[in-house]
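Undergrad: The structure file my_file_5.cif (mmCIF, C-alpha atoms and all ligand atoms) is provided below.
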data_query
#
loop_
_atom_site.label_atom_id
_atom_site.label_comp_id
_atom_site.auth_asym_id
_atom_site.auth_seq_id
_atom_site.Cartn_x
_atom_site.Cartn_y
_atom_site.Cartn_z
CA MET A 56 114.30 108.69 103.27
CA THR A 57 112.57 105.37 102.70
CA ASP A 58 114.12 101.91 102.51
CA LEU A 59 112.79 100.40 99.34
CA VAL A 60 113.37 96.70 98.81
CA VAL A 61 113.27 95.28 95.28
CA ARG A 62 111.42 91.97 95.36
CA ARG A 63 111.30 89.13 92.87
CA LEU A 64 107.74 87.89 92.80
CA LEU A 65 107.42 84.11 92.80
CA VAL A 66 104.52 83.73 90.38
CA ASP A 67 104.16 81.79 87.18
CA MET A 68 103.50 84.26 84.41
CA GLU A 69 103.67 81.53 81.77
CA ALA A 70 100.25 80.10 82.56
CA PRO A 71 97.54 81.67 80.39
CA ILE A 72 95.00 84.17 81.69
CA GLU A 73 91.32 83.32 81.73
CA ARG A 74 88.96 85.78 79.97
CA LEU A 75 86.97 86.81 83.06
CA TRP A 76 89.75 86.09 85.53
CA CYS A 77 88.58 88.70 88.04
CA ASP A 78 85.71 87.09 89.88
CA GLY A 79 83.90 86.41 86.58
CA ASP A 80 83.15 90.15 86.54
CA ALA A 81 83.47 91.69 83.06
CA PHE A 82 83.93 95.29 84.20
CA ARG A 83 86.51 94.64 86.90
CA THR A 84 88.46 92.32 84.60
CA ALA A 85 88.43 94.90 81.79
CA LEU A 86 89.46 97.75 84.09
CA LEU A 87 92.37 95.88 85.69
CA ASN A 88 93.51 94.63 82.29
CA ALA A 89 93.37 98.21 81.01
CA LEU A 90 95.55 99.42 83.88
CA SER A 91 98.03 96.63 83.24
CA MET A 92 98.24 97.72 79.60
CA SER A 93 99.37 101.19 80.66
CA PHE A 94 102.15 100.04 83.00
CA PRO A 95 105.08 99.08 80.75
CA VAL A 96 105.10 102.44 78.96
CA GLY A 97 104.03 104.47 82.01
CA GLU A 98 106.49 102.95 84.44
CA GLN A 99 109.36 103.35 81.96
CA PHE A 100 108.47 107.04 81.78
CA PHE A 101 108.50 107.27 85.60
CA ILE A 102 111.92 105.58 85.75
CA ASP A 103 113.32 107.95 83.12
CA ALA A 104 111.83 110.99 84.85
CA VAL A 105 113.25 110.03 88.25
CA ARG A 106 116.63 109.17 86.78
CA ALA A 107 116.86 112.47 84.88
CA GLY A 108 115.77 114.50 87.91
CA PHE A 109 118.20 112.70 90.19
CA LYS A 110 121.13 113.49 87.86
CA THR A 111 120.55 117.22 88.22
CA LEU A 112 120.54 117.17 92.04
CA PRO A 113 123.54 118.57 93.92
CA ALA A 114 125.90 115.84 95.22
CA VAL A 115 124.79 116.21 98.85
CA LYS A 116 121.15 115.68 97.93
CA GLN A 117 122.07 112.80 95.64
CA ALA A 118 123.76 111.02 98.51
CA GLU A 119 120.67 111.55 100.64
CA LEU A 120 118.20 110.24 98.07
CA ASN A 121 120.36 107.65 96.30
CA ASP A 122 119.06 104.49 98.00
CA GLU A 123 115.44 105.51 97.68
CA VAL A 124 115.83 106.41 94.00
CA GLN A 125 117.61 103.13 93.20
CA GLY A 126 114.89 101.23 95.06
CA PHE A 127 112.18 103.08 93.16
CA ILE A 128 113.80 102.31 89.81
CA GLY A 129 114.26 98.64 90.72
CA GLN A 130 110.66 98.26 91.87
CA GLU A 131 109.17 99.94 88.80
CA ALA A 132 111.44 97.98 86.45
CA THR A 133 110.21 94.73 88.04
CA HIS A 134 106.56 95.83 87.77
CA ARG A 135 106.81 96.70 84.11
CA ARG A 136 108.55 93.41 83.31
CA LEU A 137 105.81 91.30 84.89
CA HIS A 138 103.02 93.41 83.43
CA ALA A 139 104.57 93.06 79.98
CA LEU A 140 104.22 89.27 80.38
CA TYR A 141 100.66 89.73 81.64
CA ASN A 142 99.91 91.92 78.61
CA GLU A 143 101.23 89.29 76.20
CA HIS A 144 98.49 86.97 77.47
CA LEU A 145 95.92 89.71 76.93
CA ALA A 146 97.11 90.19 73.35
CA ARG A 147 96.70 86.44 72.80
CA LEU A 148 93.12 86.77 74.04
CA GLY A 149 92.54 89.30 71.24
CA LEU A 150 92.66 92.48 73.38
CA GLU A 151 94.16 95.49 71.68
CA ASN A 152 96.31 97.93 73.69
CA ARG A 153 95.34 101.40 72.46
CA TRP A 154 96.31 103.17 75.70
CA GLU A 155 99.98 102.40 75.15
CA LEU A 156 99.93 103.87 71.62
CA ARG A 157 98.23 107.05 72.81
CA ALA A 158 100.68 107.39 75.71
CA LEU A 159 103.71 106.92 73.46
CA GLU A 160 102.43 109.62 71.14
CA ARG A 161 101.78 112.01 74.03
CA LEU A 162 105.14 111.41 75.68
CA LYS A 163 106.95 112.82 72.66
CA GLN A 164 106.28 116.30 74.07
CA PHE A 165 108.76 115.64 76.88
CA LYS A 166 111.62 114.88 74.51
CA ASP A 167 112.36 118.59 74.00
CA THR A 168 111.61 119.71 77.56
CA ALA A 169 114.87 120.73 79.17
CA ASP A 170 113.48 121.11 82.70
CA PRO A 171 113.24 117.61 84.29
CA ARG A 172 110.74 118.92 86.83
CA HIS A 173 107.87 118.72 84.32
CA ALA A 174 108.25 114.98 83.82
CA LEU A 175 108.71 114.63 87.58
CA ALA A 176 105.51 116.52 88.35
CA VAL A 177 103.69 114.23 85.91
CA THR A 178 105.27 111.20 87.58
CA ALA A 179 104.38 112.44 91.07
CA ALA A 180 100.78 112.97 89.91
CA TYR A 181 100.47 109.42 88.49
CA GLU A 182 102.16 108.04 91.57
CA HIS A 183 99.51 109.70 93.70
CA PHE A 184 96.85 107.92 91.67
CA THR A 185 98.58 104.57 91.88
CA ALA A 186 99.14 104.99 95.62
CA ILE A 187 95.52 105.78 96.48
CA LEU A 188 94.14 103.07 94.17
CA SER A 189 96.65 100.61 95.64
CA ASN A 190 95.71 101.44 99.17
CA TRP A 191 92.04 100.93 98.32
CA LEU A 192 92.81 97.51 96.81
CA LEU A 193 95.01 96.40 99.72
CA HIS A 194 92.06 97.06 102.01
CA ARG A 195 89.71 95.11 99.71
CA PRO A 196 91.64 92.15 98.25
CA GLN A 197 88.30 90.37 97.75
CA ALA A 198 87.74 92.70 94.78
CA LEU A 199 90.22 90.48 92.90
CA GLY A 200 88.08 87.37 93.36
CA ASN A 201 89.51 83.88 93.74
CA ARG A 202 89.67 82.54 90.20
CA ASP A 203 93.34 83.40 89.67
CA ALA A 204 95.39 83.47 92.86
CA ARG A 205 98.52 84.29 90.87
CA LEU A 206 97.06 87.51 89.41
CA ALA A 207 95.61 88.47 92.78
CA THR A 208 99.11 88.14 94.25
CA LEU A 209 100.60 90.15 91.39
CA TRP A 210 98.12 93.00 91.91
CA LEU A 211 98.56 93.07 95.67
CA TRP A 212 102.36 92.94 95.49
CA HIS A 213 102.33 95.76 92.95
CA SER A 214 99.92 97.72 95.14
CA ALA A 215 102.06 97.18 98.24
CA GLU A 216 105.14 98.53 96.48
CA GLU A 217 103.27 101.46 94.93
CA SER A 218 102.11 102.40 98.37
CA GLU A 219 105.64 101.92 99.69
CA HIS A 220 107.34 104.22 97.16
CA ARG A 221 104.49 106.73 96.95
CA SER A 222 106.65 109.73 97.83
CA THR A 223 109.87 109.17 95.85
CA ALA A 224 108.95 111.25 92.77
CA PHE A 225 107.29 113.86 94.98
CA SER A 226 110.35 114.23 97.23
CA LEU A 227 112.60 114.53 94.22
CA TYR A 228 110.34 117.19 92.69
CA ARG A 229 110.55 119.14 95.94
CA ALA A 230 114.32 118.63 96.25
CA LEU A 231 114.68 120.19 92.79
CA GLY A 232 112.67 123.22 93.89
CA GLY A 233 109.50 122.26 91.99
CA ASN A 234 106.66 124.64 92.77
CA ASP A 235 102.98 124.10 93.56
CA THR A 236 101.69 125.89 90.50
CA TRP A 237 103.20 123.36 88.11
CA ARG A 238 102.64 120.45 90.50
CA LEU A 239 98.90 121.14 90.48
CA ARG A 240 98.71 122.12 86.84
CA TRP A 241 100.10 118.70 85.90
CA PHE A 242 97.95 116.97 88.49
CA ARG A 243 94.76 118.38 86.96
CA ARG A 244 95.90 117.35 83.50
CA VAL A 245 96.94 113.88 84.65
CA THR A 246 93.62 113.41 86.42
CA LEU A 247 91.74 114.10 83.22
CA LEU A 248 94.04 111.95 81.11
CA PHE A 249 94.15 109.06 83.52
CA ILE A 250 90.36 108.83 83.91
CA THR A 251 89.75 109.23 80.17
CA ASP A 252 92.44 106.72 79.17
CA ALA A 253 91.34 104.17 81.77
CA LEU A 254 87.69 104.41 80.70
CA ARG A 255 88.45 104.30 76.99
CA GLN A 256 90.66 101.23 77.31
CA THR A 257 88.21 99.53 79.68
CA ALA A 258 85.38 100.13 77.20
CA HIS A 259 87.54 98.84 74.37
CA ASN A 260 88.42 95.70 76.31
CA LEU A 261 84.72 95.14 77.00
CA ARG A 262 83.93 95.67 73.33
CA CYS A 263 86.58 93.11 72.33
CA GLU A 264 84.99 90.65 74.76
CA GLY A 265 81.42 91.32 73.60
CA GLN A 266 80.54 92.58 77.10
CA LEU A 267 80.19 96.32 76.46
CA TRP A 268 76.44 96.53 75.93
CA ARG A 269 75.33 94.19 78.66
CA TRP A 270 73.24 95.57 81.49
CA ARG A 271 75.05 93.33 83.97
CA THR A 272 78.43 94.83 83.07
CA TRP A 273 77.33 98.35 83.98
CA SER A 274 75.21 97.55 87.00
CA ALA A 275 78.23 95.74 88.48
CA ALA A 276 80.43 98.69 87.46
CA GLY A 277 78.12 101.14 89.24
CA ALA A 278 78.31 99.18 92.47
CA PHE A 279 82.07 98.68 92.17
CA LEU A 280 82.79 102.36 91.57
CA PHE A 281 80.09 104.21 93.49
CA GLY A 282 78.58 101.72 95.94
CA ARG A 283 79.38 101.44 99.63
CA GLY A 284 83.17 101.04 99.87
CA GLY A 285 83.34 101.68 96.09
CA LEU A 286 86.52 102.71 94.35
CA VAL A 287 85.54 106.27 93.38
CA ARG A 288 83.67 106.89 96.57
CA CYS A 289 86.60 105.92 98.78
CA THR A 290 89.44 107.47 96.79
CA PHE A 291 87.88 110.89 96.21
CA LYS A 292 89.06 112.38 99.49
CA PRO A 293 92.65 111.08 99.29
CA TRP A 294 92.72 112.24 95.63
CA ARG A 295 91.68 115.75 96.74
CA ASP A 296 94.38 115.89 99.43
CA TYR A 297 96.93 116.44 96.67
CA PHE A 298 95.61 120.00 96.24
CA ARG A 299 96.66 121.00 99.74
CA ALA A 300 99.71 123.27 99.76
CA ASP A 301 101.25 121.33 102.65
CA PHE A 302 100.43 117.88 101.25
CA HIS A 303 103.07 115.17 101.27
CA PRO A 304 102.35 111.57 100.16
CA LYS A 305 103.78 110.43 103.50
CA ASP A 306 100.67 111.93 105.12
CA HIS A 307 98.79 108.93 103.76
CA ASP A 308 99.07 105.79 105.80
CA ALA A 309 100.79 102.71 104.32
CA GLN A 310 100.00 100.18 107.04
CA ALA A 311 98.04 97.97 104.63
CA SER A 312 101.13 97.73 102.43
CA ARG A 313 103.38 96.75 105.33
CA ASP A 314 100.81 94.20 106.51
CA TRP A 315 100.55 92.56 103.10
CA LEU A 316 104.33 92.37 102.67
CA GLU A 317 104.71 90.87 106.12
CA ALA A 318 101.91 88.32 105.70
CA ASN A 319 103.07 87.22 102.24
CA ARG A 320 106.79 86.70 102.69
CA THR A 321 106.64 83.39 100.82
CA ALA A 322 105.30 85.12 97.71
CA TYR A 323 108.54 86.96 96.92
CA GLU A 324 112.31 87.04 97.39
CA PRO A 325 114.11 90.26 98.20
CA VAL A 326 116.63 91.11 95.51
CA ARG A 327 118.11 94.26 97.00
CA PRO A 328 117.69 94.27 100.77
FE FE B 401 104.66 100.18 89.59
FE FE B 402 105.07 103.63 91.17
#
Represent the supplied structure as C-alpha cells.
TA:
Amino acid sequence: MTDLVVRRLLVDMEAPIERLWCDGDAFRTALLNALSMSFPVGEQFFIDAVRAGFKTLPAVKQAELNDEVQGFIGQEATHRRLHALYNEHLARLGLENRWELRALERLKQFKDTADPRHALAVTAAYEHFTAILSNWLLHRPQALGNRDARLATLWLWHSAEESEHRSTAFSLYRALGGNDTWRLRWFRRVTLLFITDALRQTAHNLRCEGQLWRWRTWSAAGAFLFGRGGLVRCTFKPWRDYFRADFHPKDHDAQASRDWLEANRTAYEPVRP
C-alpha cells in the first residue's frame, strides 16, 4: 500500500499562457499542450475505472486498498481541474482540442462493458506511460525552459504525483484477478493510440501556430525525442518492461518524485495528509 497525499498546488492559473511558453521551442510547447488537452477526459476515465473496480472488490481487499484508491482519485481530480484551466488558455490562443473529442467517442465502448477489469487494464497501461514520461521529465526539468515558472511547476508536480501513484490501477487490476493476456492486449492498443493521438494533436497544434512546416520545428523535435538523453530513447526500455510477466510498476524507482516533492514544499499545500 502507498500513502498518497492530495496536494493543492499554489500556482496562478489565471495568468495567460504565452504561445511558445516552453523554452521558445515550438515542438516541445505543442507536445506538452497536446498532452494537457488529453488530461481532463483521460483522468476522469481513470477515476471512474478505479472507482468501479474498487466497488467490486471483497470487503477485506477494499479495506486494504481504500486509502491508496482515495488518494489516487483525489490526485487525479486535482490534475484534471488544473489542466482544464490550462486548456482554457490554449483555447483562447486558438488551439483546437481534437484529442478530447476522439477520446470521448472511443470511450463509449466501455459503457456496455460489464467487466471493470477492461477499463482498469486500459488505465494501468496509460498510467505506465504517464509514469515513465514523468520520471524522464523529473530528471530533466530543464526541458521545460524558464519562460513560465508556473507551468514548469505544474508539470513537475503532476509528474511527481504520477510517479507516486504509478501502481494503483495496476494493483487493483491484479487484486481483481486481471490476467496478463488482457493486460498486454490493452497495453499494445494503448501504446498505438497514445502515440498516434499525441502526434496528431501535436501536429495540429503546430499547424494552428503556423509552425508545422518549419525545418527548425522538426530538427529540434528530432533532438528532443531521439538525441542523447532524448524522450523516446530513454523511455523505450522502461516502456518495454511492462511486457515482463513479473513486472510491477513498483519495480521502477520513484526517487526523483520524492526529491521534487521534498525540495518544493512551498509550491503546494497538502489537502489530505
Ligand atoms: Fe494525473
Ligand atoms: Fe495518473
Undergrad: Using 12 Å as the limit and counting all atoms listed in the file, can you tabulate each residue of chain A that touches ligand FE 402 (chain B), with its shortest atom-to-atom distance in Å and the two atoms involved, as JSON lines?
TA:
{"residue": "A:Leu59", "atom": "CA", "partner": "B:FE402", "partner_atom": "FE", "distance": 11.7}
{"residue": "A:Phe94", "atom": "CA", "partner": "B:FE402", "partner_atom": "FE", "distance": 9.4}
{"residue": "A:Pro95", "atom": "CA", "partner": "B:FE402", "partner_atom": "FE", "distance": 11.4}
{"residue": "A:Gly97", "atom": "CA", "partner": "B:FE402", "partner_atom": "FE", "distance": 9.3}
{"residue": "A:Glu98", "atom": "CA", "partner": "B:FE402", "partner_atom": "FE", "distance": 6.9}
{"residue": "A:Gln99", "atom": "CA", "partner": "B:FE402", "partner_atom": "FE", "distance": 10.2}
{"residue": "A:Phe100", "atom": "CA", "partner": "B:FE402", "partner_atom": "FE", "distance": 10.6}
{"residue": "A:Phe101", "atom": "CA", "partner": "B:FE402", "partner_atom": "FE", "distance": 7.5}
{"residue": "A:Ile102", "atom": "CA", "partner": "B:FE402", "partner_atom": "FE", "distance": 8.9}
{"residue": "A:Ala104", "atom": "CA", "partner": "B:FE402", "partner_atom": "FE", "distance": 11.8}
{"residue": "A:Val105", "atom": "CA", "partner": "B:FE402", "partner_atom": "FE", "distance": 10.8}
{"residue": "A:Val124", "atom": "CA", "partner": "B:FE402", "partner_atom": "FE", "distance": 11.5}
{"residue": "A:Gly126", "atom": "CA", "partner": "B:FE402", "partner_atom": "FE", "distance": 10.8}
{"residue": "A:Phe127", "atom": "CA", "partner": "B:FE402", "partner_atom": "FE", "distance": 7.4}
{"residue": "A:Ile128", "atom": "CA", "partner": "B:FE402", "partner_atom": "FE", "distance": 8.9}
{"residue": "A:Gly129", "atom": "CA", "partner": "B:FE402", "partner_atom": "FE", "distance": 10.5}
{"residue": "A:Gln130", "atom": "CA", "partner": "B:FE402", "partner_atom": "FE", "distance": 7.8}
{"residue": "A:Glu131", "atom": "CA", "partner": "B:FE402", "partner_atom": "FE", "distance": 6.0}
{"residue": "A:Ala132", "atom": "CA", "partner": "B:FE402", "partner_atom": "FE", "distance": 9.7}
{"residue": "A:Thr133", "atom": "CA", "partner": "B:FE402", "partner_atom": "FE", "distance": 10.7}
{"residue": "A:His134", "atom": "CA", "partner": "B:FE402", "partner_atom": "FE", "distance": 8.6}
{"residue": "A:Arg135", "atom": "CA", "partner": "B:FE402", "partner_atom": "FE", "distance": 10.0}
{"residue": "A:Val177", "atom": "CA", "partner": "B:FE402", "partner_atom": "FE", "distance": 11.9}
{"residue": "A:Thr178", "atom": "CA", "partner": "B:FE402", "partner_atom": "FE", "distance": 8.4}
{"residue": "A:Ala179", "atom": "CA", "partner": "B:FE402", "partner_atom": "FE", "distance": 8.8}
{"residue": "A:Ala180", "atom": "CA", "partner": "B:FE402", "partner_atom": "FE", "distance": 10.4}
{"residue": "A:Tyr181", "atom": "CA", "partner": "B:FE402", "partner_atom": "FE", "distance": 7.9}
{"residue": "A:Glu182", "atom": "CA", "partner": "B:FE402", "partner_atom": "FE", "distance": 5.3}
{"residue": "A:His183", "atom": "CA", "partner": "B:FE402", "partner_atom": "FE", "distance": 8.6}
{"residue": "A:Phe184", "atom": "CA", "partner": "B:FE402", "partner_atom": "FE", "distance": 9.3}
{"residue": "A:Thr185", "atom": "CA", "partner": "B:FE402", "partner_atom": "FE", "distance": 6.6}
{"residue": "A:Ala186", "atom": "CA", "partner": "B:FE402", "partner_atom": "FE", "distance": 7.5}
{"residue": "A:Ile187", "atom": "CA", "partner": "B:FE402", "partner_atom": "FE", "distance": 11.1}
{"residue": "A:Leu188", "atom": "CA", "partner": "B:FE402", "partner_atom": "FE", "distance": 11.3}
{"residue": "A:Ser189", "atom": "CA", "partner": "B:FE402", "partner_atom": "FE", "distance": 10.0}
{"residue": "A:Trp212", "atom": "CA", "partner": "B:FE402", "partner_atom": "FE", "distance": 11.8}
{"residue": "A:His213", "atom": "CA", "partner": "B:FE402", "partner_atom": "FE", "distance": 8.5}
{"residue": "A:Ser214", "atom": "CA", "partner": "B:FE402", "partner_atom": "FE", "distance": 8.8}
{"residue": "A:Ala215", "atom": "CA", "partner": "B:FE402", "partner_atom": "FE", "distance": 10.0}
{"residue": "A:Glu216", "atom": "CA", "partner": "B:FE402", "partner_atom": "FE", "distance": 7.4}
{"residue": "A:Glu217", "atom": "CA", "partner": "B:FE402", "partner_atom": "FE", "distance": 4.7}
{"residue": "A:Ser218", "atom": "CA", "partner": "B:FE402", "partner_atom": "FE", "distance": 7.9}
{"residue": "A:Glu219", "atom": "CA", "partner": "B:FE402", "partner_atom": "FE", "distance": 8.7}
{"residue": "A:His220", "atom": "CA", "partner": "B:FE402", "partner_atom": "FE", "distance": 6.4}
{"residue": "A:Arg221", "atom": "CA", "partner": "B:FE402", "partner_atom": "FE", "distance": 6.6}
{"residue": "A:Ser222", "atom": "CA", "partner": "B:FE402", "partner_atom": "FE", "distance": 9.2}
{"residue": "A:Thr223", "atom": "CA", "partner": "B:FE402", "partner_atom": "FE", "distance": 8.7}
{"residue": "A:Ala224", "atom": "CA", "partner": "B:FE402", "partner_atom": "FE", "distance": 8.7}
{"residue": "A:Phe225", "atom": "CA", "partner": "B:FE402", "partner_atom": "FE", "distance": 11.1}
Undergrad: For A:Arg313, which residue among A:Leu193, A:Met92, A:Val66, A:Asp296 is the nearest when counting all atoms listed in the file?
TA: A:Leu193
Undergrad: For stretch 253-270 of chain A, please output as a list of chain:residue names all residues within 6 Å (counting only C-alpha atoms; exclusion window: fewer than 3 positions along the same chain).
TA: A:Ala85, A:Leu86, A:Ala89, A:Phe249, A:Ile250, A:Trp273
Undergrad: Name the residues in contact with A:Arg288 at a cut-off of 12 Å, using only C-alpha atoms, excluding same-chain residues fewer than 6 positions from it; report them as a PyMOL selection string.
TA: chain A and resi 187-188+191+277-282+294-295
Undergrad: Using only C-alpha atoms, collect all residues at a distance of at most 9 Å from (97.5, 95.1, 84.1) as written in the file, then present them as number ranges by chain.
TA: A: 86-94, 138-139, 141-142, 210
Undergrad: Given the choices A:Arg240, A:Arg136, A:Lys116, A:Arg63, which gets closest to ligand FE 401 (chain B) if the distance is worked out from all atoms listed in the file?
TA: A:Arg136
Undergrad: Where atoms are absent from stretch 240-264 of chain A, fill them in so it carries N, CA, C and O atoms, then output it as a CSV table (one decimal), keeping the file's coordinate frame.
TA:
chain,number,residue,atom,x,y,z
A,240,ARG,N,99.1,122.0,88.3
A,240,ARG,CA,98.7,122.1,86.8
A,240,ARG,C,98.8,120.7,86.2
A,240,ARG,O,97.9,120.3,85.5
A,241,TRP,N,99.9,120.0,86.4
A,241,TRP,CA,100.1,118.7,85.9
A,241,TRP,C,99.1,117.7,86.5
A,241,TRP,O,98.7,116.8,85.9
A,242,PHE,N,98.9,117.9,87.8
A,242,PHE,CA,98.0,117.0,88.5
A,242,PHE,C,96.5,117.0,87.9
A,242,PHE,O,95.9,116.0,87.7
A,243,ARG,N,96.1,118.2,87.6
A,243,ARG,CA,94.8,118.4,87.0
A,243,ARG,C,94.8,117.7,85.6
A,243,ARG,O,93.8,117.0,85.2
A,244,ARG,N,95.8,117.9,84.8
A,244,ARG,CA,95.9,117.4,83.5
A,244,ARG,C,96.0,115.8,83.6
A,244,ARG,O,95.3,115.1,82.8
A,245,VAL,N,96.8,115.3,84.5
A,245,VAL,CA,96.9,113.9,84.6
A,245,VAL,C,95.6,113.3,85.1
A,245,VAL,O,95.3,112.2,84.6
A,246,THR,N,94.9,113.9,86.0
A,246,THR,CA,93.6,113.4,86.4
A,246,THR,C,92.7,113.2,85.2
A,246,THR,O,92.1,112.1,85.1
A,247,LEU,N,92.6,114.2,84.4
A,247,LEU,CA,91.7,114.1,83.2
A,247,LEU,C,92.2,113.0,82.3
A,247,LEU,O,91.4,112.2,81.8
A,248,LEU,N,93.5,113.0,82.0
A,248,LEU,CA,94.0,112.0,81.1
A,248,LEU,C,93.9,110.5,81.7
A,248,LEU,O,93.5,109.6,80.9
A,249,PHE,N,94.2,110.4,82.9
A,249,PHE,CA,94.2,109.1,83.5
A,249,PHE,C,92.7,108.5,83.5
A,249,PHE,O,92.5,107.4,83.1
A,250,ILE,N,91.8,109.3,83.9
A,250,ILE,CA,90.4,108.8,83.9
A,250,ILE,C,89.9,108.5,82.5
A,250,ILE,O,89.3,107.5,82.2
A,251,THR,N,90.2,109.4,81.6
A,251,THR,CA,89.8,109.2,80.2
A,251,THR,C,90.4,108.0,79.6
A,251,THR,O,89.7,107.1,79.0
A,252,ASP,N,91.7,107.9,79.7
A,252,ASP,CA,92.4,106.7,79.2
A,252,ASP,C,91.9,105.4,79.8
A,252,ASP,O,91.7,104.4,79.1
A,253,ALA,N,91.8,105.4,81.1
A,253,ALA,CA,91.3,104.2,81.8
A,253,ALA,C,89.9,103.8,81.3
A,253,ALA,O,89.7,102.6,81.0
A,254,LEU,N,89.0,104.7,81.2
A,254,LEU,CA,87.7,104.4,80.7
A,254,LEU,C,87.7,104.0,79.2
A,254,LEU,O,87.0,103.0,78.9
A,255,ARG,N,88.4,104.7,78.4
A,255,ARG,CA,88.4,104.3,77.0
A,255,ARG,C,89.0,102.9,76.8
A,255,ARG,O,88.4,102.1,76.0
A,256,GLN,N,90.1,102.6,77.5
A,256,GLN,CA,90.7,101.2,77.3
A,256,GLN,C,89.8,100.2,77.9
A,256,GLN,O,89.6,99.1,77.4
A,257,THR,N,89.1,100.5,79.1
A,257,THR,CA,88.2,99.5,79.7
A,257,THR,C,87.1,99.2,78.7
A,257,THR,O,86.7,98.1,78.5
A,258,ALA,N,86.5,100.3,78.1
A,258,ALA,CA,85.4,100.1,77.2
A,258,ALA,C,85.8,99.3,76.0
A,258,ALA,O,85.1,98.4,75.5
A,259,HIS,N,87.0,99.6,75.5
A,259,HIS,CA,87.5,98.8,74.4
A,259,HIS,C,87.7,97.4,74.7
A,259,HIS,O,87.4,96.5,73.9
A,260,ASN,N,88.3,97.1,75.9
A,260,ASN,CA,88.4,95.7,76.3
A,260,ASN,C,87.1,95.0,76.4
A,260,ASN,O,86.9,93.9,76.0
A,261,LEU,N,86.1,95.7,76.9
A,261,LEU,CA,84.7,95.1,77.0
A,261,LEU,C,84.1,94.9,75.6
A,261,LEU,O,83.5,93.9,75.4
A,262,ARG,N,84.4,95.8,74.7
A,262,ARG,CA,83.9,95.7,73.3
A,262,ARG,C,84.6,94.4,72.7
A,262,ARG,O,83.9,93.6,72.1
A,263,CYS,N,85.9,94.3,72.9
A,263,CYS,CA,86.6,93.1,72.3
A,263,CYS,C,86.0,91.8,72.9
A,263,CYS,O,86.0,90.8,72.2
A,264,GLU,N,85.5,91.9,74.1
A,264,GLU,CA,85.0,90.6,74.8
A,264,GLU,C,83.5,90.5,74.5
A,264,GLU,O,82.9,89.5,75.1
